[in-house]
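Asks: Here it is, the structure in full.
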Amino acid sequence: MAVATMTLDQEINPWEAQSARFEFAARKLNLDEGLWKVLSSPAREIIVHFPVMMDNGKIEMFTGYRVQHSVARGPGKGGIRYAPDVSLDEVRALASWMTWKCAVVNIPFGGAKGGVICNPKAMSQGELERMTRRYTSEIIEFIGPEKDVPAPDMNTNEQTMAWIMDTYSMHMRQTVTSVVTGKPLNIGGSRGRREATGRGIKVICDESIRYLNMPREGCRVIIQGFGNVGSNAARLMKECGYKIIGIAEWDGGLFNPNGIDIHQLVEYKNRNNTILGFSGAEAMPSEELIESECEILVPAATENVITSRNADRIKARVVVEGANGPTTAVADDILSEKRIFVVPDILANAGGVTASYFEWVQDRQGYFWKEAIINEQLETILRDSFDDVVRYAEAHNVNNRIAAYMLAIDRVAFTIKQRGIYA
Ligand code: NAD
């Protein structure tokens with residue numbers, strides 16, 4: 001669909017957002033018509049409706065999805081999300097972004113994603129465990145270390161992965177740690193995985209300011225989302241000299257022009273389950289924070305944060321996408337016109353899947369690496385991938401997002417051509 005003619009509903013539909021970028025990049029690549037058809041829709045979409053016994057003794061029905069966009073370059077890889085607004089289009093988009101992301105950082109995985117429509121904040125641990133185990137059993141023949149390897153995403157965590165690993169292992173009659181990544185350390189998790197996406201954001205910010213000749217000292221950063229990605233990025237960036245002046249959460253934001261003490265804020269959020277009321281910064285509405293002056297803006301919460309409604313008011317020099325799909329295709333054009341340097345999600349937040357790849361390798365080897373090795377290899381992969389993308393963007397005179405899509409589509413299409421079409 002042409003970006004210029006999109007309605008707001010189409011603009012904020014993640015699958016439309018993905019398709020618009022895919023089509024633009026495929027046209028620029030002069031992609032073979034047949035390969036275009038293969039890559040423009042997911043290879044497999046699983047929808048399951050399943051019952052869960054709730055704490056009050058009543059049965060509730062839940063709907064879950066697992067979408068495998070492509071398994072051409074290796075097993076499907078991608079998180080599982082629990083949220084009330086999960087939809088098939090969202091999971092499709094997230095699955096295809098995983099295909100492109102794994103190809104951008106050149107790791108041997110395809111792209112997949114899963115989700116369950118639920119309100120995890122209103123569910124007990126017991127209900128979450130029963131829902132997770134039943135969802136796992138519903139999709140069990142489609143996942144596995146060589147088929148499709150889930151991981152955490154919004155509202156799922158190490159505990160969720162432990163339940164999935166255990167359920168899968170019970171069915172296989174043996175412990176299979178490599179069926180999921182993002183597990184607890186003592187059951188096959190990897191050192192460094194928890195912070196990996198945030199660490200990757202820091203590396204990408206370092207590379208961006210180096211590329212743009214901007215100093216790190218005093219570099220003002222605003223981060224949206226203070227969950228796994230946002231809080232780890234904030235902590236690691238503060239430790240090496242960035243000034244984190246704003247944090248935006250769903251229930252409000254914080255601003256301190258002299259920099260927020262991130263260690264204290266992490267402790268405060270752990271104690272209070274919110275950042276609101278923290279004494280080391282002033283309260284500021286989240287929408288205002290996103291439009292405030294800073295050098296780097298890191299949207300690390302959710303989709304559709306920078307849209308046609310606010311893109312022209314963004315004042316950051318650099319946008320590093322911690323979340324998946326925070327910028328719509330219409331907003332991309334506005335940011336490009338304003339000459340804002342955008343590092344797209346499929347590169348910027350690839351630290352998580354890269355560390356997941358290390359976890360999968362370690363599980364299969366049964367040999368676990370030191371954290372320093374993991375961090376060093378993660379940083380090398382991200383720096384090299386950043387270089388690949390910006391060089392590609394320069395060579396083809398496109399923005400970083402289209403460059404990343406072109407690079408990824410080219411790699412996946414090449415693999416499909418080499419493998420051939422099974423008759
Ligand atoms: P999370 O659940 O740990 O944290 C998300 C945070 O964002 C929470 O603190 C939540 O309160 C906040 N939030 C939600 N909606 C918001 C809104 N409208 N405005 C402001 N804040 C809001 O999730 P996460 O793992 O940190 O994931 C965040 C994003 O990063 C998602 O888009 C996810 O797909 C993406 N991502 C995560 C990983 C990973 O390794 N966890 C890897 C790659 C990409």
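Identifiers in the structure tokens: chain A, B, ... in order shown; residue index from 1 per chain; ligand index from 1 in order shown.
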Pull the strand (DSSP E) assignments for region 283-377 of chain A out of DSSP run on the backbone, and list those residues as JSON, numbers by chain.

Replies: {"A": [283, 284, 296, 297, 298, 299, 318, 319, 320, 341, 342, 343]}

Asks: How about saving the chosen residues, all heavy atoms kept, as a short mmCIF file (atom, residue, chain, number, x, y, z; two decimals), in the first residue's frame?

Replies:
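File produced: out02.cif:
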data_model
loop_
_atom_site.label_atom_id
_atom_site.label_comp_id
_atom_site.auth_asym_id
_atom_site.auth_seq_id
_atom_site.Cartn_x
_atom_site.Cartn_y
_atom_site.Cartn_z
N ALA A 283 7.71 15.49 37.57
CA ALA A 283 6.73 14.76 36.75
C ALA A 283 6.48 15.53 35.46
O ALA A 283 6.47 16.77 35.45
CB ALA A 283 5.42 14.63 37.52
N MET A 284 6.35 14.80 34.36
CA MET A 284 6.03 15.43 33.07
C MET A 284 5.21 14.44 32.25
O MET A 284 5.53 13.24 32.26
CB MET A 284 7.32 15.78 32.32
CG MET A 284 7.08 16.58 31.06
SD MET A 284 8.57 16.83 30.08
CE MET A 284 9.12 18.39 30.68
N ILE A 296 19.24 12.12 21.83
CA ILE A 296 18.80 10.76 21.45
C ILE A 296 17.45 10.44 22.11
O ILE A 296 17.29 10.61 23.32
CB ILE A 296 19.83 9.68 21.87
CG1 ILE A 296 21.22 9.99 21.29
CG2 ILE A 296 19.37 8.29 21.43
CD1 ILE A 296 22.29 8.96 21.64
N LEU A 297 16.51 9.98 21.30
CA LEU A 297 15.22 9.49 21.80
C LEU A 297 15.20 7.97 21.59
O LEU A 297 15.46 7.49 20.48
CB LEU A 297 14.07 10.16 21.04
CG LEU A 297 12.66 9.66 21.34
CD1 LEU A 297 12.26 9.96 22.79
CD2 LEU A 297 11.64 10.31 20.38
N VAL A 298 14.91 7.23 22.67
CA VAL A 298 14.83 5.77 22.57
C VAL A 298 13.41 5.31 22.90
O VAL A 298 13.05 5.19 24.08
CB VAL A 298 15.83 5.08 23.53
CG1 VAL A 298 15.77 3.55 23.39
CG2 VAL A 298 17.26 5.56 23.30
N PRO A 299 12.54 5.11 21.90
CA PRO A 299 11.23 4.53 22.21
C PRO A 299 11.42 3.04 22.48
O PRO A 299 11.83 2.29 21.59
CB PRO A 299 10.42 4.77 20.93
CG PRO A 299 11.40 5.06 19.85
CD PRO A 299 12.74 5.37 20.46
N VAL A 318 18.68 12.04 17.03
CA VAL A 318 18.79 10.60 16.71
C VAL A 318 17.63 9.86 17.37
O VAL A 318 17.30 10.14 18.52
CB VAL A 318 20.13 10.04 17.27
CG1 VAL A 318 20.28 8.56 16.96
CG2 VAL A 318 21.33 10.81 16.74
N VAL A 319 17.01 8.93 16.64
CA VAL A 319 16.00 8.04 17.24
C VAL A 319 16.53 6.61 17.14
O VAL A 319 16.84 6.14 16.04
CB VAL A 319 14.63 8.16 16.51
CG1 VAL A 319 13.64 7.11 17.03
CG2 VAL A 319 14.04 9.56 16.68
N VAL A 320 16.66 5.95 18.28
CA VAL A 320 17.13 4.56 18.30
C VAL A 320 15.97 3.70 18.80
O VAL A 320 15.55 3.83 19.95
CB VAL A 320 18.39 4.42 19.19
CG1 VAL A 320 18.79 2.96 19.34
CG2 VAL A 320 19.55 5.22 18.61
N PHE A 341 18.22 11.17 12.33
CA PHE A 341 18.93 9.91 12.06
C PHE A 341 18.21 8.80 12.83
O PHE A 341 18.25 8.77 14.06
CB PHE A 341 20.38 10.06 12.53
CG PHE A 341 21.28 8.92 12.18
CD1 PHE A 341 21.89 8.83 10.93
CD2 PHE A 341 21.57 7.93 13.13
CE1 PHE A 341 22.76 7.79 10.62
CE2 PHE A 341 22.44 6.88 12.82
CZ PHE A 341 23.03 6.82 11.56
N VAL A 342 17.52 7.92 12.10
CA VAL A 342 16.73 6.86 12.75
C VAL A 342 17.45 5.52 12.60
O VAL A 342 17.81 5.12 11.49
CB VAL A 342 15.33 6.75 12.11
CG1 VAL A 342 14.52 5.61 12.75
CG2 VAL A 342 14.57 8.07 12.24
N VAL A 343 17.69 4.86 13.72
CA VAL A 343 18.21 3.49 13.65
C VAL A 343 17.02 2.56 13.86
O VAL A 343 16.40 2.56 14.93
CB VAL A 343 19.31 3.22 14.69
CG1 VAL A 343 19.91 1.83 14.47
CG2 VAL A 343 20.39 4.28 14.63
#

Asks: Neighbouring residues of ligand 1 are defined here as those with any atom at most 8 Å from a ligand atom, counting only C-alpha atoms and all ligand atoms; list them as a PyMOL selection string.

Replies: chain A and resi 79+81+94+152-157+193-198+224-231+248-252+274+286+300-303+305+322-326+345+349-353

Asks: Which residues come within 7 Å of Val389 (chain A), counting only C-alpha atoms, excluding same-chain residues fewer than 6 positions away, as a count of residues only?

Replies: 3

Asks: Any idea what's packed within 7 Å of Thr132 (chain A), counting only C-alpha atoms, ignoring anything in its chain fewer than 6 positions away? Could you give it as a ChimeraX atom specification?

Replies: /A:160,163-164

Asks: What parts of region 95-338 of chain A does DSSP call alpha helix (DSSP H)? I'd like the answer as a tab-separated table (two decimals) with N, CA, C and O atoms, in the first residue's frame.

Replies:
chain	number	residue	atom	x	y	z
A	95	ALA	N	6.48	-11.20	13.58
A	95	ALA	CA	7.17	-12.39	13.04
A	95	ALA	C	8.04	-12.00	11.84
A	95	ALA	O	9.19	-12.44	11.72
A	96	SER	N	7.50	-11.16	10.97
A	96	SER	CA	8.30	-10.80	9.78
A	96	SER	C	9.46	-9.90	10.19
A	96	SER	O	10.57	-10.02	9.64
A	97	TRP	N	9.25	-9.02	11.19
A	97	TRP	CA	10.38	-8.20	11.66
A	97	TRP	C	11.49	-9.10	12.20
A	97	TRP	O	12.68	-8.77	12.08
A	98	MET	N	11.11	-10.25	12.81
A	98	MET	CA	12.14	-11.18	13.29
A	98	MET	C	12.92	-11.78	12.13
A	98	MET	O	14.14	-11.99	12.23
A	99	THR	N	12.23	-12.08	11.02
A	99	THR	CA	12.96	-12.60	9.85
A	99	THR	C	14.01	-11.58	9.41
A	99	THR	O	15.19	-11.92	9.19
A	100	TRP	N	13.58	-10.32	9.30
A	100	TRP	CA	14.51	-9.29	8.81
A	100	TRP	C	15.62	-9.04	9.83
A	100	TRP	O	16.78	-8.85	9.47
A	101	LYS	N	15.24	-9.03	11.12
A	101	LYS	CA	16.23	-8.74	12.17
A	101	LYS	C	17.34	-9.79	12.19
A	101	LYS	O	18.53	-9.46	12.23
A	102	CYS	N	16.94	-11.07	12.16
A	102	CYS	CA	17.95	-12.15	12.20
A	102	CYS	C	18.85	-12.08	10.96
A	102	CYS	O	20.04	-12.39	11.03
A	103	ALA	N	18.28	-11.66	9.84
A	103	ALA	CA	19.09	-11.55	8.62
A	103	ALA	C	20.01	-10.33	8.69
A	103	ALA	O	21.16	-10.40	8.24
A	104	VAL	N	19.54	-9.22	9.27
A	104	VAL	CA	20.40	-8.02	9.38
A	104	VAL	C	21.65	-8.34	10.21
A	104	VAL	O	22.75	-7.95	9.85
A	125	GLN	N	-0.35	-15.81	39.48
A	125	GLN	CA	0.77	-16.62	38.96
A	125	GLN	C	0.28	-17.99	38.52
A	125	GLN	O	0.69	-18.52	37.51
A	126	GLY	N	-0.64	-18.56	39.32
A	126	GLY	CA	-1.18	-19.89	38.99
A	126	GLY	C	-1.93	-19.87	37.66
A	126	GLY	O	-1.78	-20.78	36.84
A	127	GLU	N	-2.74	-18.83	37.45
A	127	GLU	CA	-3.49	-18.71	36.19
A	127	GLU	C	-2.53	-18.52	35.01
A	127	GLU	O	-2.72	-19.13	33.95
A	128	LEU	N	-1.51	-17.69	35.23
A	128	LEU	CA	-0.53	-17.47	34.15
A	128	LEU	C	0.20	-18.77	33.81
A	128	LEU	O	0.43	-19.08	32.64
A	129	GLU	N	0.54	-19.53	34.85
A	129	GLU	CA	1.26	-20.80	34.60
A	129	GLU	C	0.37	-21.77	33.83
A	129	GLU	O	0.80	-22.38	32.83
A	130	ARG	N	-0.90	-21.91	34.25
A	130	ARG	CA	-1.79	-22.85	33.55
A	130	ARG	C	-2.04	-22.41	32.11
A	130	ARG	O	-2.07	-23.22	31.19
A	131	MET	N	-2.19	-21.08	31.91
A	131	MET	CA	-2.41	-20.58	30.54
A	131	MET	C	-1.17	-20.85	29.67
A	131	MET	O	-1.28	-21.29	28.52
A	132	THR	N	0.01	-20.61	30.24
A	132	THR	CA	1.26	-20.80	29.49
A	132	THR	C	1.44	-22.26	29.10
A	132	THR	O	1.78	-22.59	27.95
A	133	ARG	N	1.18	-23.15	30.06
A	133	ARG	CA	1.37	-24.58	29.79
A	133	ARG	C	0.38	-25.09	28.74
A	133	ARG	O	0.73	-25.86	27.85
A	134	ARG	N	-0.88	-24.61	28.83
A	134	ARG	CA	-1.88	-25.09	27.87
A	134	ARG	C	-1.60	-24.54	26.46
A	134	ARG	O	-1.71	-25.24	25.45
A	135	TYR	N	-1.21	-23.25	26.41
A	135	TYR	CA	-0.85	-22.64	25.12
A	135	TYR	C	0.33	-23.41	24.50
A	135	TYR	O	0.32	-23.75	23.31
A	136	THR	N	1.32	-23.75	25.33
A	136	THR	CA	2.49	-24.50	24.84
A	136	THR	C	2.03	-25.84	24.26
A	136	THR	O	2.47	-26.25	23.18
A	137	SER	N	1.15	-26.53	24.98
A	137	SER	CA	0.74	-27.85	24.50
A	137	SER	C	-0.08	-27.73	23.21
A	137	SER	O	-0.05	-28.62	22.37
A	138	GLU	N	-0.79	-26.61	23.04
A	138	GLU	CA	-1.59	-26.42	21.81
A	138	GLU	C	-0.71	-26.22	20.57
A	138	GLU	O	-1.11	-26.53	19.46
A	158	GLU	N	11.49	-14.73	32.27
A	158	GLU	CA	12.25	-15.98	32.47
A	158	GLU	C	11.36	-17.09	33.03
A	158	GLU	O	11.48	-18.25	32.64
A	159	GLN	N	10.46	-16.71	33.93
A	159	GLN	CA	9.57	-17.72	34.52
A	159	GLN	C	8.67	-18.34	33.44
A	159	GLN	O	8.46	-19.55	33.40
A	160	THR	N	8.14	-17.48	32.56
A	160	THR	CA	7.28	-17.99	31.48
A	160	THR	C	8.07	-18.99	30.64
A	160	THR	O	7.55	-20.04	30.24
A	161	MET	N	9.34	-18.65	30.33
A	161	MET	CA	10.15	-19.54	29.50
A	161	MET	C	10.42	-20.86	30.22
A	161	MET	O	10.46	-21.93	29.60
A	162	ALA	N	10.60	-20.79	31.55
A	162	ALA	CA	10.83	-22.02	32.32
A	162	ALA	C	9.60	-22.94	32.22
A	162	ALA	O	9.73	-24.16	32.04
A	163	TRP	N	8.39	-22.36	32.29
A	163	TRP	CA	7.16	-23.18	32.18
A	163	TRP	C	7.04	-23.80	30.78
A	163	TRP	O	6.66	-24.95	30.63
A	164	ILE	N	7.39	-23.00	29.76
A	164	ILE	CA	7.30	-23.55	28.38
A	164	ILE	C	8.32	-24.69	28.22
A	164	ILE	O	8.00	-25.76	27.70
A	165	MET	N	9.53	-24.46	28.69
A	165	MET	CA	10.59	-25.48	28.57
A	165	MET	C	10.16	-26.75	29.30
A	165	MET	O	10.29	-27.87	28.78
A	166	ASP	N	9.58	-26.59	30.49
A	166	ASP	CA	9.18	-27.77	31.27
A	166	ASP	C	8.03	-28.52	30.58
A	166	ASP	O	8.04	-29.75	30.48
A	167	THR	N	7.05	-27.78	30.07
A	167	THR	CA	5.90	-28.43	29.41
A	167	THR	C	6.38	-29.20	28.18
A	167	THR	O	6.02	-30.37	27.98
A	168	TYR	N	7.21	-28.55	27.37
A	168	TYR	CA	7.74	-29.21	26.17
A	168	TYR	C	8.53	-30.46	26.57
A	168	TYR	O	8.36	-31.54	25.98
A	169	SER	N	9.37	-30.32	27.60
A	169	SER	CA	10.22	-31.44	28.04
A	169	SER	C	9.38	-32.61	28.55
A	169	SER	O	9.71	-33.77	28.30
A	170	MET	N	8.29	-32.32	29.26
A	170	MET	CA	7.42	-33.39	29.75
A	170	MET	C	6.85	-34.20	28.58
A	170	MET	O	6.78	-35.42	28.62
A	171	HIS	N	6.45	-33.49	27.51
A	171	HIS	CA	5.90	-34.19	26.34
A	171	HIS	C	6.98	-35.00	25.62
A	171	HIS	O	6.70	-36.05	25.08
A	172	MET	N	8.23	-34.49	25.60
A	172	MET	CA	9.32	-35.17	24.88
A	172	MET	C	9.95	-36.27	25.73
A	172	MET	O	10.80	-37.00	25.25
A	193	ARG	N	21.91	-12.43	28.86
A	193	ARG	CA	20.72	-12.37	28.02
A	193	ARG	C	19.74	-11.30	28.50
A	193	ARG	O	19.17	-10.57	27.71
A	194	ARG	N	19.59	-11.20	29.84
A	194	ARG	CA	18.58	-10.29	30.38
A	194	ARG	C	18.84	-8.84	29.97
A	194	ARG	O	17.94	-8.10	29.63
A	195	GLU	N	20.13	-8.46	29.97
A	195	GLU	CA	20.46	-7.05	29.65
A	195	GLU	C	20.76	-6.86	28.17
A	195	GLU	O	21.08	-5.75	27.74
A	196	ALA	N	20.72	-7.96	27.37
A	196	ALA	CA	21.31	-7.91	26.03
A	196	ALA	C	20.66	-6.87	25.11
A	196	ALA	O	21.36	-6.18	24.36
A	197	THR	N	19.34	-6.73	25.17
A	197	THR	CA	18.70	-5.77	24.26
A	197	THR	C	19.10	-4.35	24.66
A	197	THR	O	19.45	-3.53	23.79
A	198	GLY	N	19.10	-4.08	25.97
A	198	GLY	CA	19.53	-2.76	26.45
A	198	GLY	C	21.00	-2.51	26.11
A	198	GLY	O	21.38	-1.40	25.72
A	199	ARG	N	21.83	-3.53	26.25
A	199	ARG	CA	23.25	-3.38	25.92
A	199	ARG	C	23.41	-3.06	24.43
A	199	ARG	O	24.20	-2.22	24.02
A	200	GLY	N	22.61	-3.74	23.62
A	200	GLY	CA	22.65	-3.49	22.18
A	200	GLY	C	22.26	-2.06	21.85
A	200	GLY	O	22.87	-1.41	21.01
A	201	ILE	N	21.25	-1.53	22.56
A	201	ILE	CA	20.81	-0.14	22.35
A	201	ILE	C	21.99	0.81	22.64
A	201	ILE	O	22.25	1.76	21.91
A	202	LYS	N	22.69	0.53	23.73
A	202	LYS	CA	23.85	1.37	24.09
A	202	LYS	C	24.91	1.33	22.99
A	202	LYS	O	25.44	2.36	22.58
A	203	VAL	N	25.20	0.13	22.49
A	203	VAL	CA	26.21	-0.01	21.43
A	203	VAL	C	25.78	0.79	20.19
A	203	VAL	O	26.58	1.50	19.57
A	204	ILE	N	24.50	0.68	19.86
A	204	ILE	CA	23.99	1.37	18.66
A	204	ILE	C	24.02	2.90	18.87
A	204	ILE	O	24.34	3.65	17.94
A	205	CYS	N	23.74	3.35	20.10
A	205	CYS	CA	23.85	4.79	20.38
A	205	CYS	C	25.31	5.23	20.23
A	205	CYS	O	25.59	6.28	19.63
A	206	ASP	N	26.23	4.44	20.78
A	206	ASP	CA	27.67	4.76	20.64
A	206	ASP	C	28.05	4.89	19.16
A	206	ASP	O	28.74	5.82	18.76
A	207	GLU	N	27.61	3.90	18.38
A	207	GLU	CA	27.97	3.90	16.95
A	207	GLU	C	27.33	5.10	16.24
A	207	GLU	O	27.96	5.72	15.37
A	208	SER	N	26.09	5.44	16.60
A	208	SER	CA	25.39	6.54	15.94
A	208	SER	C	26.10	7.86	16.19
A	208	SER	O	26.31	8.65	15.26
A	209	ILE	N	26.46	8.12	17.47
A	209	ILE	CA	27.09	9.42	17.74
A	209	ILE	C	28.50	9.46	17.15
A	209	ILE	O	28.96	10.51	16.73
A	210	ARG	N	29.16	8.32	17.09
A	210	ARG	CA	30.49	8.28	16.45
A	210	ARG	C	30.33	8.63	14.96
A	210	ARG	O	31.04	9.46	14.42
A	211	TYR	N	29.33	8.02	14.34
A	211	TYR	CA	29.09	8.23	12.90
A	211	TYR	C	28.72	9.70	12.63
A	211	TYR	O	29.12	10.28	11.62
A	228	ASN	N	12.23	-4.17	30.64
A	228	ASN	CA	13.51	-4.84	30.40
A	228	ASN	C	14.42	-4.00	29.51
A	228	ASN	O	15.55	-3.68	29.88
A	229	VAL	N	13.93	-3.62	28.34
A	229	VAL	CA	14.79	-2.93	27.37
A	229	VAL	C	15.15	-1.53	27.86
A	229	VAL	O	16.33	-1.15	27.92
A	230	GLY	N	14.13	-0.75	28.22
A	230	GLY	CA	14.36	0.65	28.58
A	230	GLY	C	15.23	0.82	29.81
A	230	GLY	O	16.15	1.64	29.84
A	231	SER	N	14.96	0.02	30.87
A	231	SER	CA	15.71	0.24	32.11
A	231	SER	C	17.16	-0.22	31.96
A	231	SER	O	18.07	0.42	32.47
A	232	ASN	N	17.37	-1.32	31.24
A	232	ASN	CA	18.76	-1.77	31.05
A	232	ASN	C	19.54	-0.81	30.14
A	232	ASN	O	20.71	-0.53	30.39
A	233	ALA	N	18.88	-0.31	29.11
A	233	ALA	CA	19.55	0.67	28.24
A	233	ALA	C	19.90	1.91	29.06
A	233	ALA	O	21.03	2.42	29.00
A	234	ALA	N	18.95	2.38	29.87
A	234	ALA	CA	19.17	3.59	30.68
A	234	ALA	C	20.36	3.39	31.62
A	234	ALA	O	21.25	4.24	31.73
A	235	ARG	N	20.38	2.25	32.29
A	235	ARG	CA	21.45	1.98	33.28
A	235	ARG	C	22.81	1.92	32.60
A	235	ARG	O	23.77	2.58	33.01
A	236	LEU	N	22.89	1.15	31.52
A	236	LEU	CA	24.20	0.97	30.85
A	236	LEU	C	24.66	2.28	30.20
A	236	LEU	O	25.86	2.58	30.18
A	237	MET	N	23.71	3.06	29.68
A	237	MET	CA	24.10	4.33	29.04
A	237	MET	C	24.55	5.35	30.08
A	237	MET	O	25.49	6.08	29.87
A	238	LYS	N	23.84	5.38	31.20
A	238	LYS	CA	24.24	6.33	32.25
A	238	LYS	C	25.65	6.00	32.75
A	238	LYS	O	26.47	6.90	32.95
A	239	GLU	N	25.92	4.68	32.91
A	239	GLU	CA	27.23	4.26	33.42
A	239	GLU	C	28.37	4.73	32.53
A	239	GLU	O	29.49	4.88	32.99
A	262	ILE	N	19.60	6.60	37.62
A	262	ILE	CA	18.88	5.41	37.11
A	262	ILE	C	18.90	4.27	38.13
A	262	ILE	O	17.90	3.57	38.30
A	263	HIS	N	20.01	4.11	38.85
A	263	HIS	CA	20.08	3.04	39.87
A	263	HIS	C	18.97	3.23	40.89
A	263	HIS	O	18.25	2.29	41.24
A	264	GLN	N	18.83	4.48	41.36
A	264	GLN	CA	17.78	4.76	42.35
A	264	GLN	C	16.39	4.55	41.76
A	264	GLN	O	15.49	4.05	42.42
A	265	LEU	N	16.23	4.93	40.48
A	265	LEU	CA	14.91	4.80	39.85
A	265	LEU	C	14.53	3.32	39.68
A	265	LEU	O	13.37	2.94	39.87
A	266	VAL	N	15.52	2.48	39.34
A	266	VAL	CA	15.25	1.04	39.21
A	266	VAL	C	14.76	0.49	40.55
A	266	VAL	O	13.75	-0.21	40.63
A	267	GLU	N	15.47	0.87	41.61
A	267	GLU	CA	15.06	0.40	42.96
A	267	GLU	C	13.67	0.91	43.31
A	267	GLU	O	12.84	0.17	43.85
A	268	TYR	N	13.42	2.20	42.96
A	268	TYR	CA	12.12	2.80	43.27
A	268	TYR	C	11.01	2.04	42.54
A	268	TYR	O	9.98	1.71	43.11
A	269	LYS	N	11.24	1.74	41.24
A	269	LYS	CA	10.20	1.04	40.46
A	269	LYS	C	9.98	-0.38	41.00
A	269	LYS	O	8.85	-0.86	41.06
A	270	ASN	N	11.07	-1.05	41.39
A	270	ASN	CA	10.91	-2.39	41.95
A	270	ASN	C	10.07	-2.38	43.21
A	270	ASN	O	9.26	-3.28	43.45
A	271	ARG	N	10.26	-1.33	44.02
A	271	ARG	CA	9.50	-1.24	45.29
A	271	ARG	C	8.05	-0.84	45.06
A	271	ARG	O	7.15	-1.36	45.69
A	272	ASN	N	7.82	0.10	44.10
A	272	ASN	CA	6.49	0.72	43.98
A	272	ASN	C	5.71	0.31	42.75
A	272	ASN	O	4.57	0.73	42.57
A	286	SER	N	4.00	11.95	29.53
A	286	SER	CA	4.85	11.16	28.63
A	286	SER	C	4.87	11.72	27.21
A	286	SER	O	5.93	11.74	26.56
A	287	GLU	N	3.70	12.17	26.71
A	287	GLU	CA	3.64	12.67	25.32
A	287	GLU	C	4.55	13.88	25.17
A	287	GLU	O	5.20	14.06	24.14
A	288	GLU	N	4.58	14.72	26.21
A	288	GLU	CA	5.42	15.93	26.17
A	288	GLU	C	6.90	15.55	26.16
A	288	GLU	O	7.71	16.16	25.45
A	289	LEU	N	7.24	14.54	26.95
A	289	LEU	CA	8.64	14.10	27.04
A	289	LEU	C	9.17	13.64	25.68
A	289	LEU	O	10.27	13.96	25.28
A	290	ILE	N	8.32	12.87	24.98
A	290	ILE	CA	8.75	12.31	23.69
A	290	ILE	C	9.05	13.42	22.69
A	290	ILE	O	9.91	13.28	21.82
A	329	ALA	N	5.09	4.09	9.07
A	329	ALA	CA	5.71	4.38	7.77
A	329	ALA	C	5.49	5.84	7.37
A	329	ALA	O	6.37	6.46	6.76
A	330	VAL	N	4.34	6.40	7.72
A	330	VAL	CA	4.08	7.82	7.40
A	330	VAL	C	5.05	8.69	8.19
A	330	VAL	O	5.63	9.65	7.65
A	331	ALA	N	5.24	8.35	9.46
A	331	ALA	CA	6.15	9.14	10.30
A	331	ALA	C	7.60	9.04	9.80
A	331	ALA	O	8.36	10.00	9.90
A	332	ASP	N	7.96	7.89	9.24
A	332	ASP	CA	9.31	7.72	8.68
A	332	ASP	C	9.64	8.85	7.71
A	332	ASP	O	10.73	9.42	7.74
A	333	ASP	N	8.67	9.14	6.81
A	333	ASP	CA	8.92	10.16	5.80
A	333	ASP	C	9.10	11.54	6.45
A	333	ASP	O	9.95	12.32	6.03
A	334	ILE	N	8.31	11.80	7.49
A	334	ILE	CA	8.42	13.11	8.17
A	334	ILE	C	9.78	13.22	8.87
A	334	ILE	O	10.47	14.23	8.76
A	335	LEU	N	10.21	12.15	9.54
A	335	LEU	CA	11.50	12.17	10.23
A	335	LEU	C	12.65	12.31	9.23
A	335	LEU	O	13.63	13.02	9.48
A	336	SER	N	12.49	11.64	8.07
A	336	SER	CA	13.53	11.75	7.02
A	336	SER	C	13.67	13.19	6.55
A	336	SER	O	14.77	13.70	6.40
A	337	GLU	N	12.51	13.84	6.32
A	337	GLU	CA	12.53	15.25	5.88
A	337	GLU	C	13.21	16.14	6.90
A	337	GLU	O	13.89	17.10	6.55

Asks: Interatomic distance between CA of Asp384 (chain A) and CA of Trp360 (chain A)?

Replies: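 CA of Trp360 (chain A) lies at a distance of 21.4 Å from CA of Asp384 (chain A).
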
Asks: In Å, rounded to a single decimal, give me how far CA of Arg216 (chain A) is from CA of Gly241 (chain A).

Replies: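 Calculated distance between CA of Gly241 (chain A) and CA of Arg216 (chain A) is 6.5 Å.
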
Asks: Could you tell me how far CA of Phe109 (chain A) lies from CA of Ile80 (chain A), in Å and to one decimal?

Replies: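 Going from CA of Phe109 (chain A) over to CA of Ile80 (chain A) covers 16.2 Å.
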
Asks: Do a neighbour search on Asp32 (chain A) at 12 Å with only C-alpha atoms, toss out local chain neighbours closer than 4 positions, and write the hits as a ChimeraX atom specification.

Replies: /A:26-28,36-39,409-410,413-414,416-417

Asks: Which polymer residues have any atom within 6 Å of an atom of region 9-25 of chain A, counting only C-alpha atoms, with same-chain residues fewer than 5 positions away left out, as a list in words?

Replies: Met1, Asp89, Glu90, Ala93, Asn304, Ala329, Ile402 and Met406 of chain A

Asks: Identify which of the residues A:Pro150, A:Asp55, A:Ser87, A:Arg173 lies closest to Ala122 (chain A), counting only C-alpha atoms when measuring atom-to-atom distances.

Replies: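 Selected residue with least distance to Ala122 (chain A): A:Asp55.
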
Asks: Hey, which of A:Ala311, A:Ile47, A:Val52, A:Val105 ends up closest to Val91 (chain A)? Count only C-alpha atoms.

Replies: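 Looking only at the distances to Val91 (chain A), the closest residue turns out to be A:Ile47.
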